[in-house]
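Enquirer: Sharing final.tsv here; it has TSV, N, CA and C atoms.
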```tsv
chain	number	residue	atom	x	y	z
B	27	MET	N	0.82	-1.18	0.00
B	27	MET	CA	0.00	0.00	0.00
B	27	MET	C	0.87	1.26	0.00
B	28	MET	N	1.88	1.32	0.87
B	28	MET	CA	2.73	2.51	0.92
B	28	MET	C	3.58	2.64	-0.34
B	29	GLN	N	3.94	1.53	-0.94
B	29	GLN	CA	4.66	1.59	-2.21
B	29	GLN	C	3.78	2.21	-3.29
B	30	ALA	N	2.49	1.89	-3.27
B	30	ALA	CA	1.55	2.49	-4.23
B	30	ALA	C	1.42	3.99	-3.99
B	31	PHE	N	1.39	4.41	-2.72
B	31	PHE	CA	1.35	5.84	-2.42
B	31	PHE	C	2.62	6.52	-2.92
B	32	ALA	N	3.76	5.85	-2.73
B	32	ALA	CA	5.02	6.42	-3.19
B	32	ALA	C	5.03	6.60	-4.71
B	33	GLU	N	4.51	5.61	-5.43
B	33	GLU	CA	4.43	5.74	-6.88
B	33	GLU	C	3.50	6.88	-7.29
B	34	GLN	N	2.44	7.09	-6.51
B	34	GLN	CA	1.55	8.21	-6.78
B	34	GLN	C	2.30	9.53	-6.58
B	35	ALA	N	3.17	9.58	-5.57
B	35	ALA	CA	3.99	10.78	-5.34
B	35	ALA	C	4.90	11.03	-6.54
B	36	VAL	N	5.49	9.98	-7.07
B	36	VAL	CA	6.37	10.13	-8.24
B	36	VAL	C	5.58	10.73	-9.41
B	37	ARG	N	4.37	10.22	-9.63
B	37	ARG	CA	3.53	10.75	-10.71
B	37	ARG	C	3.15	12.21	-10.46
B	38	LEU	N	2.77	12.53	-9.22
B	38	LEU	CA	2.43	13.91	-8.88
B	38	LEU	C	3.64	14.83	-9.02
B	39	GLY	N	4.80	14.32	-8.68
B	39	GLY	CA	6.02	15.11	-8.82
B	39	GLY	C	6.23	15.59	-10.25
B	40	ARG	N	5.89	14.76	-11.20
B	40	ARG	CA	6.03	15.14	-12.61
B	40	ARG	C	5.20	16.38	-12.93
B	41	ASP	N	4.04	16.51	-12.28
B	41	ASP	CA	3.19	17.69	-12.50
B	41	ASP	C	3.89	18.96	-12.06
B	42	PHE	N	4.85	18.83	-11.16
B	42	PHE	CA	5.61	19.98	-10.65
B	42	PHE	C	7.03	20.00	-11.21
B	43	LYS	N	7.25	19.25	-12.30
B	43	LYS	CA	8.54	19.19	-12.99
B	43	LYS	C	9.65	18.61	-12.10
B	44	LEU	N	9.27	17.66	-11.23
B	44	LEU	CA	10.24	16.99	-10.37
B	44	LEU	C	10.44	15.56	-10.85
B	45	ASN	N	11.69	15.13	-10.88
B	45	ASN	CA	12.00	13.74	-11.20
B	45	ASN	C	12.32	13.03	-9.88
B	46	LEU	N	11.31	12.45	-9.27
B	46	LEU	CA	11.50	11.77	-7.99
B	46	LEU	C	11.97	10.35	-8.25
B	47	ASP	N	13.20	10.08	-7.86
B	47	ASP	CA	13.87	8.82	-8.19
B	47	ASP	C	14.20	7.97	-6.96
B	48	TYR	N	13.62	8.28	-5.82
B	48	TYR	CA	13.83	7.57	-4.56
B	48	TYR	C	15.23	7.78	-4.00
B	49	SER	N	15.94	8.76	-4.50
B	49	SER	CA	17.25	9.08	-3.93
B	49	SER	C	17.02	9.97	-2.71
B	50	GLU	N	18.01	9.98	-1.82
B	50	GLU	CA	17.86	10.84	-0.65
B	50	GLU	C	17.82	12.30	-1.07
B	51	ARG	N	18.52	12.65	-2.10
B	51	ARG	CA	18.52	14.04	-2.57
B	51	ARG	C	17.14	14.47	-3.05
B	52	SER	N	16.34	13.53	-3.54
B	52	SER	CA	15.00	13.89	-4.01
B	52	SER	C	14.13	14.40	-2.85
B	53	LEU	N	14.49	14.05	-1.63
B	53	LEU	CA	13.72	14.52	-0.48
B	53	LEU	C	13.87	16.02	-0.26
B	54	GLU	N	14.96	16.59	-0.74
B	54	GLU	CA	15.09	18.05	-0.67
B	54	GLU	C	14.02	18.70	-1.55
B	55	GLU	N	13.79	18.12	-2.73
B	55	GLU	CA	12.75	18.62	-3.62
B	55	GLU	C	11.36	18.43	-3.00
B	56	VAL	N	11.15	17.29	-2.38
B	56	VAL	CA	9.86	17.03	-1.74
B	56	VAL	C	9.65	18.02	-0.60
B	57	GLU	N	10.68	18.32	0.16
B	57	GLU	CA	10.56	19.30	1.25
B	57	GLU	C	10.13	20.65	0.70
B	58	ARG	N	10.73	21.09	-0.38
B	58	ARG	CA	10.33	22.37	-0.98
B	58	ARG	C	8.87	22.33	-1.45
B	59	LEU	N	8.47	21.20	-2.01
B	59	LEU	CA	7.09	21.06	-2.46
B	59	LEU	C	6.13	21.08	-1.27
B	60	LEU	N	6.48	20.41	-0.19
B	60	LEU	CA	5.62	20.40	0.99
B	60	LEU	C	5.50	21.80	1.60
B	61	ALA	N	6.58	22.56	1.55
B	61	ALA	CA	6.54	23.95	2.03
B	61	ALA	C	5.52	24.75	1.21
B	62	ARG	N	5.54	24.53	-0.07
B	62	ARG	CA	4.60	25.21	-0.96
B	62	ARG	C	3.17	24.78	-0.65
B	63	PHE	N	2.98	23.46	-0.47
B	63	PHE	CA	1.65	22.94	-0.15
B	63	PHE	C	1.15	23.50	1.18
B	64	GLN	N	2.06	23.59	2.14
B	64	GLN	CA	1.67	24.09	3.46
B	64	GLN	C	1.12	25.51	3.35
B	65	ASP	N	1.73	26.31	2.50
B	65	ASP	CA	1.27	27.68	2.31
B	65	ASP	C	-0.09	27.74	1.63
B	66	GLU	N	-0.40	26.73	0.82
B	66	GLU	CA	-1.63	26.74	0.02
B	66	GLU	C	-2.81	26.03	0.67
B	67	ILE	N	-2.53	25.13	1.63
B	67	ILE	CA	-3.58	24.31	2.22
B	67	ILE	C	-4.12	24.96	3.49
B	68	SER	N	-5.42	24.96	3.60
B	68	SER	CA	-6.05	25.43	4.84
B	68	SER	C	-5.96	24.31	5.87
B	69	SER	N	-5.64	24.66	7.10
B	69	SER	CA	-5.53	23.64	8.15
B	69	SER	C	-6.88	22.97	8.41
B	70	SER	N	-7.96	23.57	7.95
B	70	SER	CA	-9.28	22.95	8.13
B	70	SER	C	-9.58	21.90	7.06
B	71	ASP	N	-8.74	21.78	6.05
B	71	ASP	CA	-8.96	20.81	4.98
B	71	ASP	C	-8.33	19.47	5.36
B	72	ALA	N	-8.91	18.83	6.37
B	72	ALA	CA	-8.34	17.61	6.95
B	72	ALA	C	-8.20	16.48	5.94
B	73	ASN	N	-9.19	16.31	5.05
B	73	ASN	CA	-9.12	15.22	4.08
B	73	ASN	C	-7.94	15.39	3.13
B	74	LYS	N	-7.72	16.60	2.67
B	74	LYS	CA	-6.61	16.86	1.75
B	74	LYS	C	-5.27	16.64	2.47
B	75	ILE	N	-5.18	17.09	3.71
B	75	ILE	CA	-3.95	16.90	4.49
B	75	ILE	C	-3.69	15.41	4.70
B	76	ASP	N	-4.75	14.66	5.03
B	76	ASP	CA	-4.58	13.21	5.24
B	76	ASP	C	-4.13	12.51	3.96
B	77	ASP	N	-4.75	12.87	2.84
B	77	ASP	CA	-4.36	12.25	1.56
B	77	ASP	C	-2.91	12.57	1.23
B	78	MET	N	-2.53	13.83	1.38
B	78	MET	CA	-1.15	14.22	1.08
B	78	MET	C	-0.16	13.56	2.04
B	79	SER	N	-0.57	13.37	3.28
B	79	SER	CA	0.30	12.72	4.27
B	79	SER	C	0.58	11.28	3.87
B	80	LYS	N	-0.42	10.59	3.37
B	80	LYS	CA	-0.23	9.20	2.92
B	80	LYS	C	0.68	9.15	1.70
B	81	ILE	N	0.40	10.00	0.73
B	81	ILE	CA	1.16	9.97	-0.53
B	81	ILE	C	2.63	10.33	-0.28
B	82	TRP	N	2.87	11.47	0.34
B	82	TRP	CA	4.25	11.93	0.52
B	82	TRP	C	4.95	11.17	1.65
B	83	GLY	N	4.17	10.69	2.63
B	83	GLY	CA	4.74	9.82	3.66
B	83	GLY	C	5.18	8.49	3.07
B	84	GLY	N	4.39	7.99	2.11
B	84	GLY	CA	4.78	6.77	1.40
B	84	GLY	C	6.10	6.96	0.68
B	85	TYR	N	6.26	8.11	0.05
B	85	TYR	CA	7.51	8.38	-0.67
B	85	TYR	C	8.68	8.50	0.30
B	86	LEU	N	8.50	9.27	1.36
B	86	LEU	CA	9.56	9.41	2.37
B	86	LEU	C	9.96	8.04	2.93
B	87	GLY	N	8.98	7.24	3.28
B	87	GLY	CA	9.26	5.92	3.83
B	87	GLY	C	9.95	5.01	2.83
B	88	GLU	N	9.54	5.08	1.58
B	88	GLU	CA	10.17	4.23	0.56
B	88	GLU	C	11.62	4.64	0.31
B	89	VAL	N	11.93	5.92	0.41
B	89	VAL	CA	13.33	6.34	0.27
B	89	VAL	C	14.15	5.69	1.39
B	90	VAL	N	13.63	5.73	2.60
B	90	VAL	CA	14.33	5.11	3.74
B	90	VAL	C	14.42	3.60	3.54
B	91	ARG	N	13.30	2.97	3.20
B	91	ARG	CA	13.26	1.51	3.07
B	91	ARG	C	14.19	1.01	1.97
B	92	ARG	N	14.24	1.72	0.86
B	92	ARG	CA	15.10	1.28	-0.25
B	92	ARG	C	16.57	1.45	0.10
B	93	ARG	N	16.89	2.38	0.97
B	93	ARG	CA	18.28	2.60	1.36
B	93	ARG	C	18.71	1.67	2.49
B	94	PHE	N	17.83	1.46	3.47
B	94	PHE	CA	18.21	0.74	4.68
B	94	PHE	C	17.45	-0.56	4.92
B	95	GLY	N	16.52	-0.90	4.03
B	95	GLY	CA	15.70	-2.08	4.26
B	95	GLY	C	14.56	-1.74	5.20
B	96	GLY	N	13.89	-2.75	5.64
B	96	GLY	CA	12.79	-2.54	6.57
B	96	GLY	C	11.49	-3.07	6.01
B	97	GLU	N	10.49	-3.04	6.88
B	97	GLU	CA	9.18	-3.56	6.51
B	97	GLU	C	8.09	-2.62	6.99
B	98	TRP	N	7.05	-2.51	6.17
B	98	TRP	CA	5.87	-1.74	6.55
B	98	TRP	C	4.96	-2.60	7.39
B	99	SER	N	4.32	-2.00	8.38
B	99	SER	CA	3.31	-2.68	9.18
B	99	SER	C	2.31	-1.64	9.68
B	100	ILE	N	1.28	-2.11	10.32
B	100	ILE	CA	0.32	-1.20	10.96
B	100	ILE	C	0.41	-1.45	12.46
B	101	GLU	N	0.70	-0.39	13.20
B	101	GLU	CA	0.91	-0.50	14.63
B	101	GLU	C	0.25	0.66	15.36
B	102	LYS	N	0.14	0.51	16.66
B	102	LYS	CA	-0.41	1.59	17.48
B	102	LYS	C	0.62	2.71	17.58
B	103	TYR	N	0.17	3.94	17.37
B	103	TYR	CA	1.06	5.10	17.47
B	103	TYR	C	1.37	5.34	18.95
B	104	PRO	N	2.65	5.47	19.29
B	104	PRO	CA	3.03	5.58	20.70
B	104	PRO	C	2.44	6.80	21.42
B	105	ALA	N	2.21	7.89	20.69
B	105	ALA	CA	1.74	9.12	21.34
B	105	ALA	C	0.23	9.30	21.18
B	106	GLY	N	-0.48	8.24	20.88
B	106	GLY	CA	-1.92	8.36	20.70
B	106	GLY	C	-2.56	6.99	20.67
B	107	ASP	N	-3.85	6.98	20.73
B	107	ASP	CA	-4.58	5.72	20.75
B	107	ASP	C	-5.20	5.45	19.38
B	108	PHE	N	-4.33	5.29	18.38
B	108	PHE	CA	-4.80	4.98	17.04
B	108	PHE	C	-3.73	4.18	16.31
B	109	LEU	N	-4.15	3.50	15.25
B	109	LEU	CA	-3.24	2.70	14.43
B	109	LEU	C	-2.69	3.57	13.31
B	110	ILE	N	-1.44	3.28	12.95
B	110	ILE	CA	-0.79	4.06	11.89
B	110	ILE	C	0.18	3.15	11.14
B	111	VAL	N	0.37	3.44	9.87
B	111	VAL	CA	1.34	2.70	9.08
B	111	VAL	C	2.74	3.05	9.60
B	112	THR	N	3.51	2.02	9.85
B	112	THR	CA	4.81	2.15	10.49
B	112	THR	C	5.87	1.49	9.62
B	113	LEU	N	7.04	2.11	9.52
B	113	LEU	CA	8.17	1.50	8.85
B	113	LEU	C	9.15	1.05	9.92
B	114	ASN	N	9.38	-0.26	9.99
B	114	ASN	CA	10.32	-0.84	10.95
B	114	ASN	C	11.64	-1.10	10.25
B	115	VAL	N	12.69	-0.41	10.73
B	115	VAL	CA	14.01	-0.51	10.11
B	115	VAL	C	15.05	-0.76	11.21
B	116	ASN	N	15.64	-1.94	11.20
B	116	ASN	CA	16.72	-2.26	12.14
B	116	ASN	C	16.37	-1.89	13.58
B	117	GLY	N	15.16	-2.19	13.99
B	117	GLY	CA	14.73	-1.92	15.36
B	117	GLY	C	14.16	-0.53	15.57
B	118	ALA	N	14.30	0.35	14.60
B	118	ALA	CA	13.72	1.70	14.70
B	118	ALA	C	12.31	1.68	14.09
B	119	ARG	N	11.40	2.41	14.70
B	119	ARG	CA	10.04	2.53	14.17
B	119	ARG	C	9.86	3.96	13.68
B	120	LEU	N	9.52	4.08	12.40
B	120	LEU	CA	9.31	5.39	11.79
B	120	LEU	C	7.85	5.52	11.36
B	121	PHE	N	7.36	6.75	11.42
B	121	PHE	CA	5.98	7.05	11.05
B	121	PHE	C	5.99	8.14	9.99
B	122	PRO	N	6.37	7.79	8.75
B	122	PRO	CA	6.54	8.81	7.71
B	122	PRO	C	5.29	9.63	7.41
B	123	SER	N	4.12	9.00	7.42
B	123	SER	CA	2.90	9.76	7.14
B	123	SER	C	2.63	10.79	8.23
B	124	MET	N	2.90	10.42	9.47
B	124	MET	CA	2.73	11.36	10.57
B	124	MET	C	3.72	12.51	10.45
B	125	LYS	N	4.94	12.21	10.01
B	125	LYS	CA	5.93	13.26	9.83
B	125	LYS	C	5.46	14.25	8.77
B	126	VAL	N	4.94	13.76	7.66
B	126	VAL	CA	4.46	14.65	6.61
B	126	VAL	C	3.25	15.44	7.11
B	127	HIS	N	2.37	14.79	7.85
B	127	HIS	CA	1.21	15.49	8.41
B	127	HIS	C	1.68	16.66	9.28
B	128	LYS	N	2.67	16.41	10.12
B	128	LYS	CA	3.20	17.49	10.96
B	128	LYS	C	3.84	18.58	10.11
B	129	ARG	N	4.52	18.19	9.04
B	129	ARG	CA	5.14	19.20	8.16
B	129	ARG	C	4.08	20.11	7.56
B	130	LEU	N	2.97	19.52	7.15
B	130	LEU	CA	1.91	20.30	6.51
B	130	LEU	C	1.13	21.16	7.51
B	131	THR	N	1.05	20.72	8.75
B	131	THR	CA	0.23	21.44	9.72
B	131	THR	C	1.03	22.30	10.69
B	132	GLU	N	2.30	21.95	10.93
B	132	GLU	CA	3.09	22.68	11.92
B	132	GLU	C	4.21	23.52	11.31
B	133	GLY	N	4.53	23.27	10.04
B	133	GLY	CA	5.47	24.14	9.37
B	133	GLY	C	6.89	23.62	9.28
B	134	SER	N	7.80	24.55	9.01
B	134	SER	CA	9.17	24.20	8.66
B	134	SER	C	9.96	23.57	9.81
B	135	SER	N	9.50	23.69	11.04
B	135	SER	CA	10.19	23.01	12.14
B	135	SER	C	10.11	21.50	11.99
B	136	GLU	N	9.21	21.02	11.14
B	136	GLU	CA	9.03	19.58	10.87
B	136	GLU	C	9.60	19.20	9.51
B	137	ASN	N	10.64	19.86	9.10
B	137	ASN	CA	11.31	19.67	7.81
B	137	ASN	C	11.65	18.20	7.57
B	138	ILE	N	11.17	17.64	6.45
B	138	ILE	CA	11.42	16.21	6.21
B	138	ILE	C	12.85	15.93	5.74
B	139	TRP	N	13.51	16.88	5.13
B	139	TRP	CA	14.90	16.67	4.73
B	139	TRP	C	15.77	16.56	5.98
B	140	SER	N	15.57	17.43	6.93
B	140	SER	CA	16.31	17.36	8.20
B	140	SER	C	15.99	16.07	8.94
B	141	PHE	N	14.71	15.68	8.92
B	141	PHE	CA	14.29	14.43	9.55
B	141	PHE	C	15.02	13.25	8.92
B	142	TYR	N	15.04	13.21	7.59
B	142	TYR	CA	15.71	12.12	6.91
B	142	TYR	C	17.19	12.07	7.28
B	143	GLN	N	17.85	13.21	7.32
B	143	GLN	CA	19.27	13.24	7.67
B	143	GLN	C	19.51	12.68	9.07
B	144	ALA	N	18.64	13.00	10.01
B	144	ALA	CA	18.77	12.48	11.37
B	144	ALA	C	18.55	10.96	11.39
B	145	VAL	N	17.55	10.49	10.65
B	145	VAL	CA	17.28	9.05	10.55
B	145	VAL	C	18.47	8.35	9.92
B	146	ARG	N	18.98	8.90	8.83
B	146	ARG	CA	20.13	8.31	8.14
B	146	ARG	C	21.33	8.20	9.08
B	147	ASP	N	21.62	9.28	9.81
B	147	ASP	CA	22.77	9.26	10.72
B	147	ASP	C	22.60	8.19	11.79
B	148	LYS	N	21.39	8.06	12.31
B	148	LYS	CA	21.13	7.05	13.35
B	148	LYS	C	21.28	5.64	12.78
B	149	LEU	N	20.70	5.41	11.60
B	149	LEU	CA	20.75	4.07	11.02
B	149	LEU	C	22.15	3.70	10.57
B	150	GLU	N	22.91	4.67	10.07
B	150	GLU	CA	24.29	4.38	9.65
B	150	GLU	C	25.19	4.09	10.84
B	151	ALA	N	24.84	4.61	12.00
B	151	ALA	CA	25.65	4.39	13.20
B	151	ALA	C	25.39	3.03	13.83
B	152	GLN	N	24.30	2.38	13.46
B	152	GLN	CA	23.98	1.07	14.02
B	152	GLN	C	24.86	0.01	13.41
B	153	PRO	N	25.29	-0.96	14.22
B	153	PRO	CA	26.05	-2.07	13.65
B	153	PRO	C	25.16	-2.91	12.74
B	154	ARG	N	25.73	-3.33	11.65
B	154	ARG	CA	25.00	-4.17	10.68
B	154	ARG	C	25.04	-5.62	11.14
B	155	ALA	N	23.95	-6.31	10.89
B	155	ALA	CA	23.90	-7.75	11.20
B	155	ALA	C	24.81	-8.48	10.21
B	156	LYS	N	25.52	-9.46	10.71
B	156	LYS	CA	26.38	-10.26	9.84
B	156	LYS	C	25.58	-11.30	9.09
B	157	VAL	N	25.87	-11.42	7.83
B	157	VAL	CA	25.22	-12.44	7.00
B	157	VAL	C	26.10	-13.66	6.99
B	158	GLN	N	25.53	-14.81	7.29
B	158	GLN	CA	26.33	-16.04	7.33
B	158	GLN	C	25.89	-17.01	6.28
```
Show me the file's structure as structure tokens.

Expert:
Amino acid sequence: MMQAFAEQAVRLGRDFKLNLDYSERSLEEVERLLARFQDEISSSDANKIDDMSKIWGGYLGEVVRRRFGGEWSIEKYPAGDFLIVTLNVNGARLFPSMKVHKRLTEGSSENIWSFYQAVRDKLEAQPRAKVQ
């Protein structure tokens, strides 16, 4: 499901002249696009924010998953009593759709490029499992 959302993001990116290729650098472009969307979306348009959170969260998660592995699942969100799509990577639990939702509703302090860099640094610092 999240892979399908990510592919939808790639298609939507073309409408904005973006070539989203699942590279980490493409997240800088997505961040700029989300900043633009944040300026254009009313915080009362909950359905549009939710749809965009799924689509762009799927893309953010797929960039992480393709780089570091991991699996999508549905789990209870730690800071609330609801289920959310979760990306489990080497023991870390990420909530990409929630991150995008916060970016769209709370602004640049929730920058997804900065978020990705922090995730990357944490995951690169973890010891890799040995393959036997």

Enquirer: Using DSSP on the backbone, list every residue of chain B that comes out as strand (DSSP E or B), and give them as a PyMOL selection string.

Expert: chain B and resi 97-102+109-115+118-120

Enquirer: Using DSSP on the backbone, list every residue of range 89-136 of chain B that comes out as helix (DSSP H, G or I), and give them as an MDAnalysis selection string.

Expert: chainID B and resid 89:94 122:132 134:136

Enquirer: For range 64-69 of chain B, list every protein, DNA or RNA residue within 8 Å, evaluated using all atoms listed in the file, and leave out those in the same chain fewer than 6 positions away; present the list as a list in words.

Expert: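 Near range 64-69 of chain B, the qualifying residues are Arg58, Ile75, Arg129, Leu130, Thr131, Glu132 and Gly133 of chain B.
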
Enquirer: Would you please work out which residue, of B:Glu50, B:Glu101, B:Glu150, B:Glu88, is nearest to Ala35 in chain B when using only C-alpha atoms?

Expert: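 Using only C-alpha atoms, the shortest distance to Ala35 in chain B belongs to B:Glu88.
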
Enquirer: Using all atoms listed in the file, which protein or nucleic acid residues come within 8 Å of range 77-87 of chain B? Drop anything in the same chain fewer than 4 positions from it, and give the result as a short mmCIF file (atom, residue, chain, number, x, y, z; two decimals) with N, CA and C atoms, in the coordinates of the input.

Expert:
```
data_model
loop_
_atom_site.label_atom_id
_atom_site.label_comp_id
_atom_site.auth_asym_id
_atom_site.auth_seq_id
_atom_site.Cartn_x
_atom_site.Cartn_y
_atom_site.Cartn_z
N MET B 27 0.82 -1.18 0.00
CA MET B 27 0.00 0.00 0.00
C MET B 27 0.87 1.26 0.00
N MET B 28 1.88 1.32 0.87
CA MET B 28 2.73 2.51 0.92
C MET B 28 3.58 2.64 -0.34
N GLN B 29 3.94 1.53 -0.94
CA GLN B 29 4.66 1.59 -2.21
C GLN B 29 3.78 2.21 -3.29
N ALA B 30 2.49 1.89 -3.27
CA ALA B 30 1.55 2.49 -4.23
C ALA B 30 1.42 3.99 -3.99
N PHE B 31 1.39 4.41 -2.72
CA PHE B 31 1.35 5.84 -2.42
C PHE B 31 2.62 6.52 -2.92
N ALA B 32 3.76 5.85 -2.73
CA ALA B 32 5.02 6.42 -3.19
C ALA B 32 5.03 6.60 -4.71
N GLU B 33 4.51 5.61 -5.43
CA GLU B 33 4.43 5.74 -6.88
C GLU B 33 3.50 6.88 -7.29
N GLN B 34 2.44 7.09 -6.51
CA GLN B 34 1.55 8.21 -6.78
C GLN B 34 2.30 9.53 -6.58
N ALA B 35 3.17 9.58 -5.57
CA ALA B 35 3.99 10.78 -5.34
C ALA B 35 4.90 11.03 -6.54
N VAL B 36 5.49 9.98 -7.07
CA VAL B 36 6.37 10.13 -8.24
C VAL B 36 5.58 10.73 -9.41
N TYR B 48 13.62 8.28 -5.82
CA TYR B 48 13.83 7.57 -4.56
C TYR B 48 15.23 7.78 -4.00
N LEU B 53 14.49 14.05 -1.63
CA LEU B 53 13.72 14.52 -0.48
C LEU B 53 13.87 16.02 -0.26
N VAL B 56 11.15 17.29 -2.38
CA VAL B 56 9.86 17.03 -1.74
C VAL B 56 9.65 18.02 -0.60
N ASP B 71 -8.74 21.78 6.05
CA ASP B 71 -8.96 20.81 4.98
C ASP B 71 -8.33 19.47 5.36
N ALA B 72 -8.91 18.83 6.37
CA ALA B 72 -8.34 17.61 6.95
C ALA B 72 -8.20 16.48 5.94
N ASN B 73 -9.19 16.31 5.05
CA ASN B 73 -9.12 15.22 4.08
C ASN B 73 -7.94 15.39 3.13
N ARG B 91 13.30 2.97 3.20
CA ARG B 91 13.26 1.51 3.07
C ARG B 91 14.19 1.01 1.97
N ARG B 92 14.24 1.72 0.86
CA ARG B 92 15.10 1.28 -0.25
C ARG B 92 16.57 1.45 0.10
N ARG B 93 16.89 2.38 0.97
CA ARG B 93 18.28 2.60 1.36
C ARG B 93 18.71 1.67 2.49
N LEU B 113 7.04 2.11 9.52
CA LEU B 113 8.17 1.50 8.85
C LEU B 113 9.15 1.05 9.92
N LEU B 120 9.52 4.08 12.40
CA LEU B 120 9.31 5.39 11.79
C LEU B 120 7.85 5.52 11.36
N PHE B 121 7.36 6.75 11.42
CA PHE B 121 5.98 7.05 11.05
C PHE B 121 5.99 8.14 9.99
N PRO B 122 6.37 7.79 8.75
CA PRO B 122 6.54 8.81 7.71
C PRO B 122 5.29 9.63 7.41
N SER B 123 4.12 9.00 7.42
CA SER B 123 2.90 9.76 7.14
C SER B 123 2.63 10.79 8.23
N MET B 124 2.90 10.42 9.47
CA MET B 124 2.73 11.36 10.57
C MET B 124 3.72 12.51 10.45
N LYS B 125 4.94 12.21 10.01
CA LYS B 125 5.93 13.26 9.83
C LYS B 125 5.46 14.25 8.77
N VAL B 126 4.94 13.76 7.66
CA VAL B 126 4.46 14.65 6.61
C VAL B 126 3.25 15.44 7.11
N HIS B 127 2.37 14.79 7.85
CA HIS B 127 1.21 15.49 8.41
C HIS B 127 1.68 16.66 9.28
N LYS B 128 2.67 16.41 10.12
CA LYS B 128 3.20 17.49 10.96
C LYS B 128 3.84 18.58 10.11
N LEU B 130 2.97 19.52 7.15
CA LEU B 130 1.91 20.30 6.51
C LEU B 130 1.13 21.16 7.51
#
```

Enquirer: Just the number, please: distance in Å from CA of Asn116 in chain B to atom N of Ile138 in chain B, one decimal.

Expert: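 So the two atoms, CA of Asn116 in chain B and atom N of Ile138 in chain B, lie 21.4 Å apart.
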
Enquirer: Ranking B:Ile110, B:Ala118, B:Pro104, B:Ala61 by minimum distance to Ser134 in chain B and counting all atoms listed in the file, which one comes first?

Expert: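 Checking each of B:Ile110, B:Ala118, B:Pro104, B:Ala61 against Ser134 in chain B, counting all atoms listed in the file, the winner is B:Ala61.
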
Enquirer: For a quick check of understanding, using only C-alpha atoms, which of B:Ser49, B:Gln152, B:Ser135, B:Ser140 has the smallest distance to Val90 in chain B?

Expert: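 Smallest separation from Val90 in chain B among the options: B:Ser49.
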
Enquirer: Can you work out which one of B:Lys74, B:Thr112, B:Phe63, B:Leu149 has the shortest atom-to-atom distance to Trp98 in chain B, counting only N, CA and C atoms?

Expert: B:Thr112

Enquirer: Given only C-alpha atoms as the basis, pick out the residue of B:Phe94, B:Val145, B:Glu54, B:Leu59 nearest to Arg40 in chain B.

Expert: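 Closest to Arg40 in chain B of all the choices is B:Leu59.
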
Enquirer: What's the separation between atom C of Ala144 in chain B and CA of Asp107 in chain B, in Å to one decimal place?

Expert: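 If I compute the distance from atom C of Ala144 in chain B to CA of Asp107 in chain B, I get 25.5 Å.
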
Enquirer: Go ahead and compute the interatomic distance for atom N of Ala105 in chain B and atom N of Lys148 in chain B, in Å to one decimal.

Expert: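 Rounded to one decimal, the two atoms are 20.9 Å apart.
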
Enquirer: Which residue gives the smallest distance to Phe141 in chain B among B:Phe42, B:Pro153, B:Glu57, B:Gly96, with only C-alpha atoms counted?

Expert: B:Glu57
